[in-house]
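Q: My structure file final_37.json, JSON, C-alpha atoms and all ligand atoms, is below:
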```
[["chain", "number", "residue", "atom", "x", "y", "z"],
["H", 1, "MET", "CA", -9.55, -10.22, -22.71],
["H", 2, "ARG", "CA", -7.34, -7.29, -23.60],
["H", 3, "THR", "CA", -4.28, -8.95, -22.08],
["H", 4, "ARG", "CA", -4.73, -12.21, -23.91],
["H", 5, "TYR", "CA", -6.14, -11.08, -27.24],
["H", 6, "GLY", "CA", -5.54, -7.37, -27.60],
["H", 7, "LYS", "CA", -8.13, -4.88, -28.85],
["H", 8, "ARG", "CA", -8.95, -7.01, -31.87],
["H", 9, "HIS", "CA", -7.81, -10.26, -33.34],
["H", 10, "ASP", "CA", -8.54, -12.61, -36.22],
["H", 11, "CYS", "CA", -11.67, -14.60, -35.45],
["H", 12, "SER", "CA", -10.96, -18.33, -35.49],
["H", 13, "LYS", "CA", -14.37, -19.02, -37.02],
["H", 14, "CYS", "CA", -14.89, -16.42, -39.77],
["H", 15, "GLY", "CA", -11.23, -15.54, -40.18],
["H", 16, "LYS", "CA", -11.87, -11.78, -40.23],
["H", 17, "SER", "CA", -10.08, -9.23, -38.13],
["H", 18, "ALA", "CA", -12.69, -8.46, -35.50],
["H", 19, "LYS", "CA", -13.59, -6.58, -32.40],
["H", 20, "PHE", "CA", -15.13, -8.77, -29.72],
["H", 21, "TYR", "CA", -17.96, -7.62, -27.49],
["H", 22, "ARG", "CA", -18.67, -8.76, -23.97],
["H", 23, "VAL", "CA", -21.53, -11.25, -23.76],
["H", 24, "LYS", "CA", -23.90, -10.56, -20.86],
["H", 25, "GLN", "CA", -24.02, -13.10, -18.04],
["H", 26, "ARG", "CA", -21.13, -15.07, -19.52],
["H", 27, "ARG", "CA", -17.38, -14.92, -19.38],
["H", 28, "SER", "CA", -17.18, -14.66, -23.11],
["H", 29, "TYR", "CA", -16.77, -12.14, -25.89],
["H", 30, "ALA", "CA", -18.46, -12.41, -29.29],
["H", 31, "CYS", "CA", -17.06, -11.67, -32.74],
["H", 32, "GLU", "CA", -18.65, -8.54, -34.28],
["H", 33, "HIS", "CA", -19.02, -10.32, -37.63],
["H", 34, "CYS", "CA", -20.16, -13.87, -36.93],
["H", 35, "GLY", "CA", -20.90, -13.93, -33.19],
["H", 36, "ALA", "CA", -18.39, -16.70, -32.46],
["H", 37, "GLN", "CA", -17.51, -16.62, -28.78],
["H", 38, "VAL", "CA", -14.13, -16.50, -27.12],
["H", 39, "TYR", "CA", -13.57, -17.31, -23.44],
["H", 40, "PRO", "CA", -10.53, -15.32, -22.32],
["H", 41, "THR", "CA", -10.20, -17.21, -19.03],
["H", 42, "ALA", "CA", -9.93, -20.59, -20.77],
["H", 43, "GLY", "CA", -6.70, -22.29, -19.79],
["H", 44, "THR", "CA", -6.06, -19.91, -16.89],
["H", 45, "PRO", "CA", -6.54, -20.70, -13.18],
["H", 46, "PHE", "CA", -9.90, -18.85, -13.45],
["H", 47, "ASP", "CA", -11.39, -21.20, -16.00],
["H", 48, "ARG", "CA", -14.67, -22.81, -14.93],
["H", 49, "THR", "CA", -14.86, -21.02, -11.62],
["H", 50, "ARG", "CA", -17.80, -19.24, -10.08],
["H", 51, "THR", "CA", -15.57, -17.00, -8.02],
["H", 52, "SER", "CA", -15.39, -13.52, -9.51],
["H", 53, "LEU", "CA", -12.21, -12.40, -11.23],
["H", 54, "ARG", "CA", -12.07, -9.51, -8.79],
["H", 55, "ASP", "CA", -11.82, -11.98, -5.91],
["H", 56, "TRP", "CA", -9.18, -14.01, -7.76],
["H", 57, "PHE", "CA", -7.10, -10.91, -8.42],
["H", 58, "TYR", "CA", -7.51, -9.78, -4.83],
["H", 59, "VAL", "CA", -6.17, -13.12, -3.57],
["H", 60, "MET", "CA", -3.29, -12.85, -6.03],
["H", 61, "PHE", "CA", -2.61, -9.41, -4.57],
["H", 62, "LEU", "CA", -2.45, -11.00, -1.10],
["H", 63, "PHE", "CA", 0.05, -13.54, -2.39],
["H", 64, "CYS", "CA", 2.22, -10.75, -3.77],
["H", 65, "THR", "CA", 2.18, -8.59, -0.66],
["H", 66, "THR", "CA", 2.95, -11.20, 1.96],
["H", 67, "ARG", "CA", 6.33, -12.56, 2.96],
["H", 68, "HIS", "CA", 5.14, -15.67, 4.71],
["H", 69, "GLY", "CA", 2.34, -16.89, 2.50],
["H", 70, "VAL", "CA", -1.42, -16.73, 2.62],
["H", 71, "ALA", "CA", -3.51, -19.23, 4.57],
["H", 72, "ALA", "CA", -6.64, -20.63, 2.97],
["H", 73, "LYS", "CA", -8.45, -19.73, 6.19],
["H", 74, "GLU", "CA", -7.62, -16.07, 5.65],
["H", 75, "VAL", "CA", -8.89, -16.20, 2.07],
["H", 76, "GLU", "CA", -12.06, -17.88, 3.28],
["H", 77, "GLN", "CA", -12.69, -15.03, 5.69],
["H", 78, "GLN", "CA", -11.62, -12.17, 3.46],
["H", 79, "ILE", "CA", -13.66, -12.97, 0.38],
["H", 80, "GLY", "CA", -16.40, -15.07, 1.93],
["H", 81, "VAL", "CA", -15.99, -18.38, 0.12],
["H", 82, "THR", "CA", -15.95, -21.89, 1.58],
["H", 83, "TYR", "CA", -12.69, -23.23, 2.99],
["H", 84, "LYS", "CA", -12.58, -25.79, 0.18],
["H", 85, "THR", "CA", -12.87, -23.08, -2.48],
["H", 86, "ALA", "CA", -10.27, -20.91, -0.71],
["H", 87, "TRP", "CA", -7.87, -23.86, -0.50],
["H", 88, "ARG", "CA", -8.29, -24.63, -4.19],
["H", 89, "MET", "CA", -7.77, -20.99, -5.16],
["H", 90, "CYS", "CA", -4.54, -20.83, -3.18],
["H", 91, "HIS", "CA", -3.22, -23.94, -4.86],
["H", 92, "GLU", "CA", -4.17, -22.74, -8.32],
["H", 93, "ILE", "CA", -2.38, -19.44, -7.66],
["H", 94, "ARG", "CA", 0.72, -21.30, -6.43],
["H", 95, "LYS", "CA", 0.78, -23.41, -9.58],
["H", 96, "TYR", "CA", 0.37, -20.29, -11.69],
["H", 97, "MET", "CA", 3.18, -18.48, -9.85],
["H", 98, "ALA", "CA", 5.41, -21.50, -10.52],
["H", 99, "GLN", "CA", 4.52, -21.38, -14.19],
["H", 100, "VAL", "CA", 5.25, -17.65, -14.46],
["H", 101, "ASP", "CA", 8.49, -17.98, -12.50],
["H", 102, "GLY", "CA", 9.62, -20.78, -14.81],
["H", 103, "ASP", "CA", 12.49, -23.18, -14.38],
["H", 104, "THR", "CA", 15.23, -21.56, -16.40],
["H", 105, "PRO", "CA", 18.66, -22.41, -14.98],
["H", 106, "THR", "CA", 20.41, -19.69, -13.01],
["H", 107, "GLY", "CA", 24.03, -18.68, -13.32],
["H", 108, "GLY", "CA", 26.41, -19.09, -16.21],
["H", 109, "GLN", "CA", 30.10, -18.74, -16.81],
["H", 110, "GLY", "CA", 31.68, -16.53, -14.18],
["H", 111, "ASP", "CA", 28.50, -16.29, -12.14],
["H", 112, "VAL", "CA", 28.38, -17.28, -8.50],
["H", 113, "VAL", "CA", 25.55, -19.58, -7.58],
["H", 114, "GLU", "CA", 24.62, -19.95, -3.96],
["H", 115, "VAL", "CA", 23.66, -23.42, -2.81],
["H", 116, "ASP", "CA", 22.14, -24.42, 0.48],
["H", 117, "GLU", "CA", 20.02, -27.21, 1.84],
["H", 118, "THR", "CA", 17.26, -27.26, 4.34],
["H", 119, "LEU", "CA", 15.05, -29.87, 5.88],
["H", 120, "VAL", "CA", 11.35, -29.19, 6.21],
["H", 121, "GLY", "CA", 9.75, -31.17, 8.99],
["H", 122, "GLY", "CA", 10.97, -34.36, 10.66],
["H", 123, "LYS", "CA", 14.55, -35.34, 11.34],
["H", 124, "SER", "CA", 17.33, -36.18, 8.95],
["H", 125, "GLU", "CA", 18.74, -39.65, 9.40],
["H", 126, "GLY", "CA", 21.61, -40.01, 11.83],
["H", 127, "GLN", "CA", 21.86, -36.31, 12.58],
["H", 128, "GLY", "CA", 19.18, -35.79, 15.14],
["H", 129, "ASN", "CA", 17.63, -32.39, 14.75],
["H", 130, "PHE", "CA", 18.88, -30.73, 11.63],
["H", 131, "ARG", "CA", 19.45, -27.01, 11.43],
["H", 132, "ASP", "CA", 19.10, -24.85, 8.37],
["H", 133, "GLY", "CA", 22.18, -24.89, 6.22],
["H", 134, "GLU", "CA", 24.20, -26.80, 8.80],
["H", 135, "GLY", "CA", 27.68, -27.43, 7.50],
["H", 136, "VAL", "CA", 27.02, -25.91, 4.11],
["H", 137, "GLY", "CA", 27.67, -22.23, 4.66],
["H", 138, "PRO", "CA", 26.94, -20.15, 1.59],
["H", 139, "ALA", "CA", 29.93, -19.08, -0.45],
["H", 140, "VAL", "CA", 28.71, -15.51, -0.63],
["H", 141, "GLU", "CA", 27.07, -13.76, 2.27],
["H", 142, "ASP", "CA", 23.93, -11.94, 1.28],
["H", 143, "VAL", "CA", 21.41, -10.94, 3.99],
["H", 144, "ASN", "CA", 18.61, -11.65, 1.45],
["H", 145, "GLY", "CA", 20.28, -14.81, 0.15],
["H", 146, "LEU", "CA", 19.34, -18.43, 0.46],
["H", 147, "GLU", "CA", 19.43, -18.48, 4.22],
["H", 148, "GLY", "CA", 16.81, -15.76, 4.17],
["H", 149, "PHE", "CA", 14.83, -17.85, 1.73],
["H", 150, "GLY", "CA", 15.00, -20.86, 4.03],
["H", 151, "SER", "CA", 13.90, -18.92, 7.07],
["H", 152, "GLN", "CA", 11.01, -17.27, 5.24],
["H", 153, "LEU", "CA", 9.87, -20.63, 4.01],
["H", 154, "LYS", "CA", 10.02, -22.03, 7.54],
["H", 155, "CYS", "CA", 8.15, -19.05, 8.96],
["H", 156, "GLY", "CA", 5.53, -19.49, 6.26],
["H", 157, "ILE", "CA", 5.09, -23.18, 6.83],
["H", 158, "ASN", "CA", 5.22, -23.08, 10.62],
["H", 159, "GLY", "CA", 3.42, -19.80, 11.16],
["H", 160, "THR", "CA", 0.94, -19.44, 8.32],
["H", 161, "HIS", "CA", 0.14, -22.89, 7.07],
["H", 162, "ILE", "CA", 0.88, -24.92, 10.21],
["H", 163, "HIS", "CA", 0.77, -28.15, 8.27],
["H", 164, "VAL", "CA", 1.98, -28.80, 4.74],
["H", 165, "SER", "CA", 1.83, -32.33, 3.42],
["H", 166, "PRO", "CA", 4.82, -33.67, 1.44],
["H", 167, "GLN", "CA", 2.72, -34.01, -1.71],
["H", 168, "HIS", "CA", 1.99, -30.28, -1.76],
["H", 169, "LEU", "CA", 5.36, -28.98, -0.56],
["H", 170, "ALA", "CA", 6.65, -28.33, -4.07],
["H", 171, "LYS", "CA", 3.80, -25.89, -4.72],
["H", 172, "TYR", "CA", 4.61, -23.92, -1.57],
["H", 173, "LEU", "CA", 8.26, -23.85, -2.59],
["H", 174, "SER", "CA", 7.29, -22.45, -5.99],
["H", 175, "GLU", "CA", 5.28, -19.71, -4.34],
["H", 176, "PHE", "CA", 8.18, -18.68, -2.09],
["H", 177, "GLU", "CA", 10.56, -18.95, -5.02],
["H", 178, "PHE", "CA", 8.41, -16.62, -7.11],
["H", 179, "ARG", "CA", 8.54, -13.94, -4.41],
["H", 180, "HIS", "CA", 12.21, -14.50, -3.62],
["H", 181, "SER", "CA", 13.17, -14.10, -7.28],
["H", 182, "ARG", "CA", 11.40, -10.74, -7.34],
["H", 183, "ARG", "CA", 12.32, -9.46, -3.90],
["H", 184, "TYR", "CA", 14.00, -6.35, -5.32],
["H", 185, "ALA", "CA", 10.93, -5.35, -7.32],
["H", 186, "PRO", "CA", 7.97, -6.40, -5.18],
["H", 187, "HIS", "CA", 5.71, -3.73, -6.65],
["H", 188, "ALA", "CA", 5.90, -5.43, -10.04],
["H", 189, "MET", "CA", 4.83, -8.89, -8.89],
["H", 190, "LEU", "CA", 1.09, -8.58, -9.26],
["H", 191, "GLU", "CA", 1.32, -6.86, -12.61],
["H", 192, "GLU", "CA", 3.59, -9.57, -13.89],
["H", 193, "LEU", "CA", 1.10, -12.24, -12.82],
["H", 194, "LEU", "CA", -1.77, -10.35, -14.41],
["H", 195, "LEU", "CA", 0.01, -9.77, -17.69],
["H", 196, "ALA", "CA", 1.41, -13.25, -18.10],
["H", 197, "PHE", "CA", -1.76, -14.76, -19.53],
["H", 198, "GLN", "CA", -0.60, -15.36, -23.03],
["H", 199, "ARG", "CA", -2.72, -16.75, -25.77],
["B", 1, "ZN", "ZN", -16.06, -14.18, -36.53]]
```
Go ahead and express the file in the form of structure tokens.
Ligand SMILES: [Zn+2]

A:
Amino acid sequence: MRTRYGKRHDCSKCGKSAKFYRVKQRRSYACEHCGAQVYPTAGTPFDRTRTSLRDWFYVMFLFCTTRHGVAAKEVEQQIGVTYKTAWRMCHEIRKYMAQVDGDTPTGGQGDVVEVDETLVGGKSEGQGNFRDGEGVGPAVEDVNGLEGFGSQLKCGINGTHIHVSPQHLAKYLSEFEFRHSRRYAPHAMLEELLLAFQR
């Protein structure tokens, strides 16, 4: 509530500057003047969920402290929800990480942009087994560069998730991209996710 609305804000119903008080048994806060209720989780991954925010934040913490991803099975065991719920939470968090990471273009005049390609699963046509970055060596060597990204992604998919269907691959990529973009400031990842809920 504090992150999205601050200590007080103008009530959308009565128009007055108001403090909002927590409503018991609900995920809402009520205007001190007219009682109009605000749901601070509306529009976030935690909207309409019975899982506690503490559990959601804990799973987000797991996502920020791993290098190879978090398996739904692990979430199921750690917070005691069904596999289906755990799976859905993981996907919601991936989508949210993608949203926070954004899609702003990298580089600019005079900047070096590293490009690489990798094949996830299967074989590429006419080449037999394809290796990471084969024939497209990066222009600038960086031990934490794109090759590192590719290998972490592979470790995550092969070791943690075992199977990732093509329709969901983009979400996993976003998750790994979020962490890769912040690899020099890993301690700030969770906070960034928790403070990015804008009104
Ligand atoms: Zn009001």

Q: Give me, please, the distance in Å between atom CA of Tyr39 of chain H and atom CA of Val23 of chain H, quoted to one decimal.

A: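 Result for atom CA of Tyr39 of chain H versus atom CA of Val23 of chain H: 10.0 Å, one decimal.
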
Q: Around ligand ZN 1 (chain B), at most 6 Å away and counting only C-alpha atoms and all ligand atoms, which residues are there? Put them as an NGL selection string, please.

A: :H and (11 or 13-14 or 31 or 33-36)

Q: With C-alpha atoms retained, export the selected residues as a JSON list (two decimals), in the coordinates of the input.

A:
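And here's again00.json as it stands now:
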```json
[["chain", "number", "residue", "atom", "x", "y", "z"],
["H", 11, "CYS", "CA", -11.67, -14.60, -35.45],
["H", 13, "LYS", "CA", -14.37, -19.02, -37.02],
["H", 14, "CYS", "CA", -14.89, -16.42, -39.77],
["H", 31, "CYS", "CA", -17.06, -11.67, -32.74],
["H", 33, "HIS", "CA", -19.02, -10.32, -37.63],
["H", 34, "CYS", "CA", -20.16, -13.87, -36.93],
["H", 35, "GLY", "CA", -20.90, -13.93, -33.19],
["H", 36, "ALA", "CA", -18.39, -16.70, -32.46]]
```

Q: For the interface of segment 64-98 of chain H with segment 158-164 of chain H (cut-off 12 Å, counting all atoms listed in the file), please tabulate each contacting residue of segment 64-98 of chain H alongside its nearest pair of atoms and their separation in Å to one decimal, rows sorted by chain and increasing number, as a Markdown table.

A:
```
| residue | atom | partner | partner_atom | distance |
| --- | --- | --- | --- | --- |
| H:Thr66 | CA | H:Thr160 | CA | 10.6 |
| H:Arg67 | CA | H:Thr160 | CA | 10.3 |
| H:His68 | CA | H:Thr160 | CA | 6.7 |
| H:Gly69 | CA | H:Thr160 | CA | 6.5 |
| H:Val70 | CA | H:Thr160 | CA | 6.7 |
| H:Ala71 | CA | H:His161 | CA | 5.7 |
| H:Ala72 | CA | H:His161 | CA | 8.2 |
| H:Lys73 | CA | H:His161 | CA | 9.2 |
| H:Glu74 | CA | H:Thr160 | CA | 9.6 |
| H:Trp87 | CA | H:His161 | CA | 11.1 |
| H:Cys90 | CA | H:His161 | CA | 11.5 |
| H:His91 | CA | H:Val164 | CA | 12.0 |
```

Q: How far is it from atom CA of His180 of chain H to atom CA of Gly156 of chain H, in Å with one decimal?

A: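 Atom-to-atom, atom CA of His180 of chain H and atom CA of Gly156 of chain H are spaced 12.9 Å apart.
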
Q: Using all atoms listed in the file, which residue out of H:Ser174, H:Ser181, H:Arg50, H:His168 lies closest to Thr106 of chain H?

A: H:Ser181

Q: Have a look at H:Pro45, H:Ser52, H:Ala18, H:Thr65 and name the one nearest to His187 of chain H; count all atoms listed in the file.

A: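 Once distances to His187 of chain H are computed over all atoms listed in the file, the minimum belongs to H:Thr65.
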
Q: If we count all atoms listed in the file, what is near Met97 of chain H at a cut-off of 9 Å, once residues fewer than 6 positions away on the same chain are taken out, given as a compact mmCIF listing (two decimals) with C-alpha atoms, in the coordinates of the input?

A:
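Result saved to around08.txt:
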```txt
# COMPACT_ATOMS: atom_id res chain seq x y z
CA SER H 174 7.29 -22.45 -5.99
CA GLU H 175 5.28 -19.71 -4.34
CA GLU H 177 10.56 -18.95 -5.02
CA PHE H 178 8.41 -16.62 -7.11
CA ARG H 179 8.54 -13.94 -4.41
CA LEU H 193 1.10 -12.24 -12.82
```

Q: Which of these, H:Ser151, H:Gln167, H:Thr51, H:Ser12, has the shortest distance to Arg27 of chain H once you count only C-alpha atoms?

A: H:Thr51
